[in-house]
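Asker: This is the structure I have questions about; it appears just below.
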2 protein chains.
Amino acid sequence: MSIRSVNPRTGAAFGPEFVDTTKSEMEAVLDAAVASARPWAATARVVRAQALEAIADRLDADGDALAELADAETALGAARLSGEVSRTTYQLRMFASLLRSADVSWDMHDEAVAGAPPAGRPDLRRVLAPLGPVAVFAASNFPFAFSVAGGDTASALAAGCPVIVKAHPAHPQTSAAVGAHVRAALDRTDAPAGTFAVVHGFEAGRGLVLDSRVRAAAFTGSYEGGRALFDLAAGRPDPIPFYGELGSVNPVLVTPGGARRSAELAAGYVESLTLGAGQFCTNPGLLLAPRDTVLDAVAAAAAQARGGTFLYEGIASRFEERAASLSKVEGVRVVYRGAAGSGLSAPVVIMATDAESALANAGALQAECFGPAGIVVEYNDPDDALAFVDQLHGCLVATVHGDESEPLAAQFVSAAARVAGRVVWNGWPTGVAVSPAQHHGGPFPSTTNALHTSVGATAVYRFLRPIAFQNMPSRLMPDVVRAQVLTEQDAVGDR
Amino acid sequence: MSIRSVNPRTGAAFGPEFVDTTKSEMEAVLDAAVASARPWAATARVVRAQALEAIADRLDADGDALAELADAETALGAARLSGEVSRTTYQLRMFASLLRSADVSWDMHDEAVAGAPPAGRPDLRRVLAPLGPVAVFAASNFPFAFSVAGGDTASALAAGCPVIVKAHPAHPQTSAAVGAHVRAALDRTDAPAGTFAVVHGFEAGRGLVLDSRVRAAAFTGSYEGGRALFDLAAGRPDPIPFYGELGSVNPVLVTPGGARRSAELAAGYVESLTLGAGQFCTNPGLLLAPRDTVLDAVAAAAAQARGGTFLYEGIASRFEERAASLSKVEGVRVVYRGAAGSGLSAPVVIMATDAESALANAGALQAECFGPAGIVVEYNDPDDALAFVDQLHGCLVATVHGDESEPLAAQFVSAAARVAGRVVWNGWPTGVAVSPAQHHGGPFPSTTNALHTSVGATAVYRFLRPIAFQNMPSRLMPDVVRAQVLTEQDAVGDR
């Protein structure tokens, strides 16, 4: 099979053909990754930091052209895409600074204690070592930040793992351009040749998850695709960690106090809901608010909003299916629907229901509708709202709008923390800050492993396994271990 | 179904009947665990520390009687079992001290930075919150340290999770006695009633892994049992983390320098191999040494050793099966086999082969033979030994004996670190020290998740998930989050 880029605004194909990676090409990529695993793992932290910084520098220097290319393939808008390039390079530099930082030691040391156990013990040194080649599945909706040089790639390279990216068919040219920058930057820093590769095609992706040479996988995409790959990874003779981000409705819980700011709230909600044509994993698909407070304002704001353009045909048709079935759930009515534009234009859809109906149909209401569609759940009794939140499946993020002094605000925050990996107070869930303490993960099905994150400094731990060395002389410590340990001299020597 | 204790030395059943936990009893246990999850999670770290210390105090006070009871059920010997009680209480207190320690903060905080993203960011506070009810599968071979009040239970309770232990049928009375102490200690510290329970029977165990109220599971046992439960956990509509320790051959790699100490080495090897009738997950089932150096000494030491008594009939018969099939692997010969004693007595078995044959039959040689059976692999060319090690499946621990100055020593250490979660220098793998930096885990199949450990301070991370709070006022932080954060006052107030 082969594909070409499609301009979502016009439906026109453009640019070169991208042929699916063949089996023999896959063999070469995987062998090269294995051959590079030890030397890359044995590369000192500062050198890996330089490599990440070199990637960031190249992407920044080419940022405008990259954003323009990605816009032609995704219609996400050049401004948003330029911002996404900056976010991506900021993230690469964050992992580089983590590698340079003496604060972040991947090393615990218990000195020997004389005497009989349990108090007596040998000398134990626990170091984190890279897992080996990692498969990264790029996302459609973030052609930079969750794709070829995104957070999964940056954190796996930082950990010392070779990376094989399965490019997303929605932006093959952008993938190739970013991939060329990564390749060039790694070459400049003498990384082994197999440290990084980009492959194409459905079978290539499936093959990566099943291949014994691949030691972990990271994925951002749909529930269906992610669950299928998770099952393959778990079903292997040697199961591997599969870090999948599979989609999430991300509830916004409004207290009576919060609802007093109805105009501001409605404007903020609709802006967050329609950002990027609603194609965000953190898109706030559900809004719970007291009856007769914000629904009309939300409908009015929606009428002023533009839905944008879907990334590709598959997303557009799935959106229509899901929106249609949501509108048929008992108690749900459509309160606003934007006009259908040309091509892949995305209509803003606002639906409404009441908390009692929502509670009775909690399962059906949670089908993620990837795009600018929101359901406003109106409650009379806050207990119904709380009971509904307790029925929600795991989410990446939940948001609470209210006044600090309301008892209900604390109750909503607690309920939000039970279902989500991030809880936002009086803000909006879209726009995930790249910051060391960030957590972008959540209970299933929002991710396949609630302990891990794909954004933030701790993302690197997904690709490292501990090894304890017992009474081991320093001179015998393996290179791959020495490379993980940052000495004071390393940290300052290179600055 | 029901079981009674069996004395492995005599084959005689004794003591009360233990009836499998019924479905309705399971419902009650699971409902109670769910009801306790929030209050236990909201219990302050110091109070959880007190609870763990109270468990330890009660077990210590009853240590001699417990060891005697366990010896009657397991034939592991009163001295070893007394030591195991001490190890268990030491471990409970280690997790308590972790909870009291201001050094171990489950909290990261990025203060807000003004300005546009990516440099500008909101205030983000990342806290670890308990997952909810945890199922713990007790091991046959450690009636204390990996059973009812063992490391899995201690770390899950420390994390703030209720625990449901599936008792091992090899020591039901010991399980009941330890369970009663845990229950009494938790009651004294006002832990909610459902914080802890013990259940019995195969179906109860299966039911735990499949029940939506259970949020994680920890297991120590056989490959077959562990893989089956792992598959159930991964196949759920909402997959849960399954931390299984499934068995491991744990190679000992001897350099020519190490082999010069052949008598000492042979004695140490056979002692480690026969400890507890070889029924240790860290038992060194494979020894690689230069040809004609230590094999004769190992056989001689084996002839002086006692194999001990198997824990129960199933282990004895599986040992005979595995030993028989290993002896039929091409190139393998039996160099020593102890006389079969009465009842479940375990014969010491030493087999030998050469590195070339081992390399050609690497898969078959790695079937774990749980008991006092060792295979000595003799090498002429160290490269054959290294190639064989690279063919090994994941192990909990690998050991290297040599001289620090030999180049081969560093090569063996590197090879060991590629396959194992712990690497021992000039020592023995059995006797896992309880120490914060300890890592007792390893690549599949030794465990189902190489990132995690069942011993050491970091075992607690298996049962915690991060939540990031964005711009959240302190007063709105949920109780379960506040309980995880150690203030200076908490840390000193109670001492």
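Within each chain, counting starts at residue 1; across the structure tokens, chains are named A, B, ... in the order shown, with ligands numbered 1 upward in that order.
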Show me, as a PyMOL selection string, the residues that have an atom within 8 Å of Ser327 in chain A when counting only C-alpha atoms, minus same-chain residues fewer than 6 positions from it.

Answerer: chain A and resi 333-334+351

Asker: Would you list the contacts of range 167-176 of chain B as an NGL selection string, taking every protein, DNA or RNA residue within 10 Å and counting only C-alpha atoms, but skipping same-chain residues closer than 6 positions in sequence?

Answerer: :B and (2-8 or 14-18 or 65-74 or 136-144 or 147-149 or 182 or 197-202 or 204-205 or 221 or 311-313)

Asker: Output the selection as a PDB file, in the first residue's frame - C-alpha atoms for each residue.

Answerer:
```
ATOM      1  CA  SER B   2     -11.778 -27.466  51.659  1.00  0.00           C
ATOM      2  CA  ILE B   3      -8.213 -28.209  52.718  1.00  0.00           C
ATOM      3  CA  ARG B   4      -6.293 -29.070  55.859  1.00  0.00           C
ATOM      4  CA  SER B   5      -2.654 -28.492  56.692  1.00  0.00           C
ATOM      5  CA  VAL B   6      -0.325 -31.317  55.727  1.00  0.00           C
ATOM      6  CA  ASN B   7       2.966 -31.986  57.486  1.00  0.00           C
ATOM      7  CA  PRO B   8       5.420 -32.460  54.601  1.00  0.00           C
ATOM      8  CA  PHE B  14      -3.594 -31.828  60.904  1.00  0.00           C
ATOM      9  CA  GLY B  15      -5.556 -28.907  62.309  1.00  0.00           C
ATOM     10  CA  PRO B  16      -8.869 -27.382  61.258  1.00  0.00           C
ATOM     11  CA  GLU B  17     -10.501 -27.478  57.838  1.00  0.00           C
ATOM     12  CA  PHE B  18     -10.240 -24.383  55.675  1.00  0.00           C
ATOM     13  CA  ALA B  65       4.918 -19.829  67.997  1.00  0.00           C
ATOM     14  CA  LEU B  66       4.411 -18.632  64.421  1.00  0.00           C
ATOM     15  CA  ALA B  67       7.695 -20.197  63.299  1.00  0.00           C
ATOM     16  CA  GLU B  68       6.768 -23.475  64.963  1.00  0.00           C
ATOM     17  CA  LEU B  69       3.350 -23.523  63.311  1.00  0.00           C
ATOM     18  CA  ALA B  70       4.821 -22.669  59.909  1.00  0.00           C
ATOM     19  CA  ASP B  71       7.462 -25.355  60.309  1.00  0.00           C
ATOM     20  CA  ALA B  72       4.790 -27.969  60.889  1.00  0.00           C
ATOM     21  CA  GLU B  73       3.093 -26.871  57.650  1.00  0.00           C
ATOM     22  CA  THR B  74       6.191 -26.301  55.484  1.00  0.00           C
ATOM     23  CA  VAL B 136      -2.109 -10.210  46.976  1.00  0.00           C
ATOM     24  CA  PHE B 137      -1.344 -13.834  46.089  1.00  0.00           C
ATOM     25  CA  ALA B 138       0.724 -15.428  48.832  1.00  0.00           C
ATOM     26  CA  ALA B 139       3.686 -17.658  47.995  1.00  0.00           C
ATOM     27  CA  SER B 140       4.189 -21.239  49.122  1.00  0.00           C
ATOM     28  CA  ASN B 141       7.883 -20.893  49.873  1.00  0.00           C
ATOM     29  CA  PHE B 142       7.869 -17.809  52.097  1.00  0.00           C
ATOM     30  CA  PRO B 143       5.040 -18.275  54.588  1.00  0.00           C
ATOM     31  CA  PHE B 144       5.843 -14.882  56.128  1.00  0.00           C
ATOM     32  CA  SER B 147       2.632 -14.108  52.216  1.00  0.00           C
ATOM     33  CA  VAL B 148      -0.130 -12.599  54.348  1.00  0.00           C
ATOM     34  CA  ALA B 149       1.946  -9.796  55.894  1.00  0.00           C
ATOM     35  CA  VAL B 182      -2.792  -8.007  61.011  1.00  0.00           C
ATOM     36  CA  ALA B 197      -8.976  -9.645  54.481  1.00  0.00           C
ATOM     37  CA  VAL B 198      -7.724 -13.171  53.786  1.00  0.00           C
ATOM     38  CA  VAL B 199      -9.552 -15.454  51.347  1.00  0.00           C
ATOM     39  CA  HIS B 200      -9.040 -19.094  50.388  1.00  0.00           C
ATOM     40  CA  GLY B 201      -9.392 -21.198  47.256  1.00  0.00           C
ATOM     41  CA  PHE B 202      -8.497 -21.217  43.577  1.00  0.00           C
ATOM     42  CA  ALA B 204     -11.458 -16.885  44.999  1.00  0.00           C
ATOM     43  CA  GLY B 205      -8.064 -15.995  43.501  1.00  0.00           C
ATOM     44  CA  GLY B 221       4.491 -18.249  42.357  1.00  0.00           C
ATOM     45  CA  LEU B 311       6.737 -28.008  50.704  1.00  0.00           C
ATOM     46  CA  TYR B 312       4.026 -30.173  49.198  1.00  0.00           C
ATOM     47  CA  GLU B 313       3.339 -33.021  46.840  1.00  0.00           C
TER      48      GLU B 313
END
```

Asker: Check the smallest atom-to-atom distance from each of A:Ala216, A:Ala300, A:Ala263, A:Cys281 to chain B using only C-alpha atoms, then report the winner.

Answerer: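 Of A:Ala216, A:Ala300, A:Ala263, A:Cys281, the one nearest chain B, counting only C-alpha atoms, is A:Ala216.
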
Asker: List every residue of range 87-146 of chain B that DSSP, applied to the backbone of this structure, assigns to strand (DSSP E), and report them as a ChimeraX atom specification.

Answerer: /B:107-110,124-130,134-137

Asker: Write to file, as a compact mmCIF listing (two decimals), in the first residue's frame, the residues of the selection just made, with N, CA and C atoms.

Answerer:
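Written out: selection.txt:
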```
# COMPACT_ATOMS: atom_id res chain seq x y z
N ASP B 107 5.25 13.92 45.99
CA ASP B 107 4.75 15.24 45.70
C ASP B 107 5.79 15.97 44.85
N MET B 108 5.36 16.49 43.68
CA MET B 108 6.23 17.37 42.91
C MET B 108 5.44 18.66 42.71
N HIS B 109 6.12 19.78 42.74
CA HIS B 109 5.42 21.06 42.62
C HIS B 109 6.15 21.98 41.66
N ASP B 110 5.47 22.35 40.58
CA ASP B 110 6.00 23.37 39.67
C ASP B 110 5.19 24.64 39.89
N LEU B 124 1.35 23.66 39.06
CA LEU B 124 1.05 22.23 38.94
C LEU B 124 1.62 21.49 40.13
N ARG B 125 0.76 20.72 40.76
CA ARG B 125 1.21 19.91 41.90
C ARG B 125 0.86 18.46 41.61
N ARG B 126 1.89 17.64 41.57
CA ARG B 126 1.70 16.22 41.25
C ARG B 126 1.83 15.41 42.53
N VAL B 127 0.77 14.67 42.85
CA VAL B 127 0.75 13.88 44.08
C VAL B 127 0.41 12.44 43.70
N LEU B 128 0.92 11.50 44.47
CA LEU B 128 0.62 10.08 44.22
C LEU B 128 -0.56 9.66 45.09
N ALA B 129 -1.55 9.05 44.48
CA ALA B 129 -2.75 8.61 45.20
C ALA B 129 -2.90 7.10 45.06
N PRO B 130 -3.41 6.44 46.11
CA PRO B 130 -3.54 4.97 46.06
C PRO B 130 -4.53 4.51 45.00
N VAL B 134 -6.24 -3.92 46.48
CA VAL B 134 -5.18 -4.70 45.85
C VAL B 134 -5.33 -6.17 46.25
N ALA B 135 -5.23 -7.07 45.28
CA ALA B 135 -5.21 -8.51 45.57
C ALA B 135 -3.77 -8.97 45.70
N VAL B 136 -3.46 -9.68 46.76
CA VAL B 136 -2.11 -10.21 46.98
C VAL B 136 -2.18 -11.74 47.00
N PHE B 137 -1.40 -12.37 46.14
CA PHE B 137 -1.34 -13.83 46.09
C PHE B 137 -0.12 -14.31 46.86
```

Asker: Which residues of range 398-486 of chain A sit at most 12 Å from range 25-41 of chain B, using only C-alpha atoms? Give each one's shortest atom pair and distance in Å (one decimal place), in chain and ascending residue order, as CSV.

Answerer:
```
residue,atom,partner,partner_atom,distance
A:Ser414,CA,B:Arg38,CA,10.4
A:Ala415,CA,B:Arg38,CA,11.2
A:Ala417,CA,B:Arg38,CA,11.8
A:Arg418,CA,B:Arg38,CA,9.7
```

Asker: Can I get the selection written as a PDB file, in the first residue's frame, with N, CA and C atoms?

Answerer:
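Just written: again.pdb:
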```
ATOM      1  N   SER A 414     -12.779  16.326  44.759  1.00  0.00           N
ATOM      2  CA  SER A 414     -12.503  14.940  45.178  1.00  0.00           C
ATOM      3  C   SER A 414     -13.036  13.946  44.156  1.00  0.00           C
ATOM      4  N   ALA A 415     -14.256  14.190  43.682  1.00  0.00           N
ATOM      5  CA  ALA A 415     -14.842  13.276  42.693  1.00  0.00           C
ATOM      6  C   ALA A 415     -14.011  13.296  41.410  1.00  0.00           C
ATOM      7  N   ALA A 417     -10.834  13.912  41.146  1.00  0.00           N
ATOM      8  CA  ALA A 417      -9.556  13.221  41.388  1.00  0.00           C
ATOM      9  C   ALA A 417      -9.731  11.710  41.356  1.00  0.00           C
ATOM     10  N   ARG A 418     -10.927  11.237  41.637  1.00  0.00           N
ATOM     11  CA  ARG A 418     -11.143   9.782  41.597  1.00  0.00           C
ATOM     12  C   ARG A 418     -11.165   9.241  40.174  1.00  0.00           C
TER      13      ARG A 418
END
```

Asker: Would you kindly report the residues of chain B within 7 Å of chain A, using only C-alpha atoms, as a tab-separated table (two decimals) with N, CA and C atoms, in the first residue's frame?

Answerer:
```tsv
chain	number	residue	atom	x	y	z
B	86	SER	N	11.47	-12.26	61.42
B	86	SER	CA	12.22	-11.02	61.67
B	86	SER	C	12.36	-10.20	60.40
B	87	ARG	N	12.62	-10.88	59.31
B	87	ARG	CA	12.75	-10.20	58.04
B	87	ARG	C	11.44	-9.50	57.67
B	90	TYR	N	10.92	-6.52	59.95
B	90	TYR	CA	11.88	-5.49	59.55
B	90	TYR	C	11.34	-4.75	58.32
B	108	MET	N	5.36	16.49	43.68
B	108	MET	CA	6.23	17.37	42.91
B	108	MET	C	5.44	18.66	42.71
B	109	HIS	N	6.12	19.78	42.74
B	109	HIS	CA	5.42	21.06	42.62
B	109	HIS	C	6.15	21.98	41.66
B	110	ASP	N	5.47	22.35	40.58
B	110	ASP	CA	6.00	23.37	39.67
B	110	ASP	C	5.19	24.64	39.89
B	118	PRO	N	5.25	27.86	25.54
B	118	PRO	CA	5.50	26.78	26.50
B	118	PRO	C	6.22	27.20	27.77
B	121	ARG	N	3.36	28.83	32.39
B	121	ARG	CA	2.63	27.62	32.78
B	121	ARG	C	1.81	27.88	34.04
B	124	LEU	N	1.35	23.66	39.06
B	124	LEU	CA	1.05	22.23	38.94
B	124	LEU	C	1.62	21.49	40.13
B	125	ARG	N	0.76	20.72	40.76
B	125	ARG	CA	1.21	19.91	41.90
B	125	ARG	C	0.86	18.46	41.61
B	126	ARG	N	1.89	17.64	41.57
B	126	ARG	CA	1.70	16.22	41.25
B	126	ARG	C	1.83	15.41	42.53
B	234	ALA	N	-4.90	-8.69	32.12
B	234	ALA	CA	-4.71	-7.89	30.90
B	234	ALA	C	-5.94	-7.97	30.00
B	238	ASP	N	-11.36	-3.50	31.74
B	238	ASP	CA	-10.49	-2.45	32.29
B	238	ASP	C	-9.24	-3.13	32.84
B	410	ALA	N	34.31	-7.95	33.87
B	410	ALA	CA	33.45	-6.84	33.46
B	410	ALA	C	32.49	-7.28	32.36
B	413	VAL	N	29.75	-9.25	33.99
B	413	VAL	CA	28.84	-8.35	34.73
B	413	VAL	C	27.89	-7.65	33.76
B	414	SER	N	28.43	-7.18	32.64
B	414	SER	CA	27.56	-6.53	31.65
B	414	SER	C	26.51	-7.49	31.12
B	421	GLY	N	17.57	-8.52	37.03
B	421	GLY	CA	17.19	-7.33	37.80
B	421	GLY	C	18.15	-7.05	38.96
B	422	ARG	N	18.99	-8.03	39.29
B	422	ARG	CA	20.00	-7.81	40.33
B	422	ARG	C	21.25	-8.55	39.90
B	423	VAL	N	22.40	-7.96	40.16
B	423	VAL	CA	23.67	-8.59	39.80
B	423	VAL	C	24.54	-8.64	41.05
B	424	VAL	N	24.92	-9.86	41.43
B	424	VAL	CA	25.68	-10.07	42.66
B	424	VAL	C	27.14	-10.33	42.30
B	425	TRP	N	28.03	-9.67	42.99
B	425	TRP	CA	29.46	-9.89	42.78
B	425	TRP	C	30.03	-10.73	43.92
B	433	ALA	N	18.33	-9.11	50.49
B	433	ALA	CA	18.35	-8.13	51.58
B	433	ALA	C	17.14	-7.20	51.49
B	434	VAL	N	16.52	-6.93	52.64
B	434	VAL	CA	15.45	-5.93	52.69
B	434	VAL	C	16.12	-4.59	52.96
B	437	ALA	N	17.17	0.40	48.60
B	437	ALA	CA	17.60	0.36	47.20
B	437	ALA	C	17.48	-1.03	46.58
B	438	GLN	N	16.99	-1.99	47.34
B	438	GLN	CA	16.89	-3.34	46.78
B	438	GLN	C	15.97	-3.35	45.55
B	439	HIS	N	16.32	-4.19	44.59
B	439	HIS	CA	15.41	-4.43	43.46
B	439	HIS	C	15.25	-5.93	43.30
B	444	PHE	N	10.85	-10.29	31.84
B	444	PHE	CA	9.99	-11.44	31.66
B	444	PHE	C	10.83	-12.65	31.24
B	445	PRO	N	10.55	-13.84	31.72
B	445	PRO	CA	9.44	-14.24	32.57
B	445	PRO	C	9.70	-14.19	34.07
B	450	ALA	N	9.16	-5.58	34.38
B	450	ALA	CA	10.55	-5.38	34.80
B	450	ALA	C	10.78	-4.03	35.46
B	451	LEU	N	9.81	-3.11	35.38
B	451	LEU	CA	9.98	-1.79	35.97
B	451	LEU	C	9.77	-1.79	37.47
B	464	LEU	N	0.42	3.17	43.46
B	464	LEU	CA	0.13	4.60	43.50
B	464	LEU	C	0.03	5.13	42.08
B	465	ARG	N	-0.93	6.03	41.85
B	465	ARG	CA	-0.98	6.68	40.54
B	465	ARG	C	-0.87	8.18	40.74
B	466	PRO	N	-0.20	8.85	39.80
B	466	PRO	CA	-0.05	10.30	39.94
B	466	PRO	C	-1.35	11.03	39.56
B	467	ILE	N	-1.59	12.14	40.23
B	467	ILE	CA	-2.64	13.08	39.82
B	467	ILE	C	-2.00	14.46	39.86
B	468	ALA	N	-2.14	15.22	38.78
B	468	ALA	CA	-1.63	16.59	38.75
B	468	ALA	C	-2.78	17.54	39.03
B	469	PHE	N	-2.59	18.44	39.98
B	469	PHE	CA	-3.60	19.45	40.29
B	469	PHE	C	-3.14	20.79	39.72
B	470	GLN	N	-4.00	21.38	38.91
B	470	GLN	CA	-3.63	22.59	38.19
B	470	GLN	C	-4.31	23.80	38.82
B	471	ASN	N	-3.51	24.73	39.31
B	471	ASN	CA	-4.01	25.95	39.96
B	471	ASN	C	-4.98	25.65	41.09
B	472	MET	N	-4.74	24.56	41.81
B	472	MET	CA	-5.70	24.13	42.83
B	472	MET	C	-5.40	24.79	44.18
B	476	LEU	N	-8.80	23.05	48.81
B	476	LEU	CA	-9.66	22.16	48.02
B	476	LEU	C	-8.99	20.80	47.73
B	478	PRO	N	-8.09	17.15	47.88
B	478	PRO	CA	-8.84	16.05	48.51
B	478	PRO	C	-8.08	15.44	49.69
```

Asker: From a backbone DSSP assignment, name each residue in range 19-85 of chain B labelled helix (DSSP H, G or I), as an mmCIF file with C-alpha atoms, in the first residue's frame.

Answerer:
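Output saved as selection.cif:
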```cif
data_model
loop_
_atom_site.group_PDB
_atom_site.id
_atom_site.type_symbol
_atom_site.label_atom_id
_atom_site.label_comp_id
_atom_site.auth_asym_id
_atom_site.auth_seq_id
_atom_site.Cartn_x
_atom_site.Cartn_y
_atom_site.Cartn_z
ATOM 1 C CA LYS B 23 -19.115 -16.275 46.296
ATOM 2 C CA SER B 24 -21.268 -14.442 48.808
ATOM 3 C CA GLU B 25 -18.351 -14.146 51.235
ATOM 4 C CA MET B 26 -16.255 -12.760 48.365
ATOM 5 C CA GLU B 27 -18.930 -10.163 47.650
ATOM 6 C CA ALA B 28 -18.846 -9.041 51.258
ATOM 7 C CA VAL B 29 -15.042 -8.886 51.295
ATOM 8 C CA LEU B 30 -14.918 -6.888 48.055
ATOM 9 C CA ASP B 31 -17.664 -4.482 49.098
ATOM 10 C CA ALA B 32 -15.906 -3.902 52.406
ATOM 11 C CA ALA B 33 -12.611 -3.260 50.602
ATOM 12 C CA VAL B 34 -14.266 -0.684 48.348
ATOM 13 C CA ALA B 35 -15.962 0.966 51.325
ATOM 14 C CA SER B 36 -12.603 1.149 53.101
ATOM 15 C CA ALA B 37 -10.623 2.408 50.128
ATOM 16 C CA ARG B 38 -11.428 6.102 50.576
ATOM 17 C CA PRO B 39 -11.113 6.283 54.369
ATOM 18 C CA TRP B 40 -7.884 4.244 54.355
ATOM 19 C CA ALA B 41 -6.497 6.368 51.531
ATOM 20 C CA ARG B 45 0.923 8.679 56.538
ATOM 21 C CA VAL B 46 1.964 8.620 60.196
ATOM 22 C CA VAL B 47 -1.154 6.697 61.139
ATOM 23 C CA ARG B 48 -0.508 4.184 58.396
ATOM 24 C CA ALA B 49 3.050 3.922 59.705
ATOM 25 C CA GLN B 50 1.703 3.192 63.187
ATOM 26 C CA ALA B 51 -0.519 0.472 61.765
ATOM 27 C CA LEU B 52 2.421 -1.239 60.026
ATOM 28 C CA GLU B 53 4.490 -1.000 63.212
ATOM 29 C CA ALA B 54 1.643 -2.469 65.238
ATOM 30 C CA ILE B 55 1.504 -5.443 62.841
ATOM 31 C CA ALA B 56 5.267 -5.890 63.195
ATOM 32 C CA ASP B 57 5.111 -5.709 66.988
ATOM 33 C CA ARG B 58 2.418 -8.371 67.184
ATOM 34 C CA LEU B 59 4.264 -10.708 64.796
ATOM 35 C CA ASP B 60 7.519 -10.292 66.706
ATOM 36 C CA ALA B 61 5.827 -10.990 70.024
ATOM 37 C CA GLY B 63 7.427 -15.071 66.500
ATOM 38 C CA ASP B 64 8.416 -18.385 68.077
ATOM 39 C CA ALA B 65 4.918 -19.829 67.997
ATOM 40 C CA LEU B 66 4.411 -18.632 64.421
ATOM 41 C CA ALA B 67 7.695 -20.197 63.299
ATOM 42 C CA GLU B 68 6.768 -23.475 64.963
ATOM 43 C CA LEU B 69 3.350 -23.523 63.311
ATOM 44 C CA ALA B 70 4.821 -22.669 59.909
ATOM 45 C CA ASP B 71 7.462 -25.355 60.309
ATOM 46 C CA ALA B 72 4.790 -27.969 60.889
ATOM 47 C CA GLU B 73 3.093 -26.871 57.650
ATOM 48 C CA THR B 74 6.191 -26.301 55.484
ATOM 49 C CA ALA B 78 12.139 -23.297 62.806
ATOM 50 C CA ALA B 79 15.415 -21.356 62.623
ATOM 51 C CA ARG B 80 14.908 -20.255 59.019
ATOM 52 C CA LEU B 81 11.279 -19.417 59.777
ATOM 53 C CA SER B 82 12.135 -17.360 62.867
ATOM 54 C CA GLY B 83 14.559 -15.450 60.692
ATOM 55 C CA GLU B 84 11.819 -14.990 58.136
ATOM 56 C CA VAL B 85 9.483 -13.530 60.760
#
```

Asker: Quick one: distance from CA of Ser212 in chain B to CA of Tyr243 in chain B in Å, one decimal?

Answerer: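 Interatomic distance, CA of Ser212 in chain B to CA of Tyr243 in chain B: 16.9 Å.
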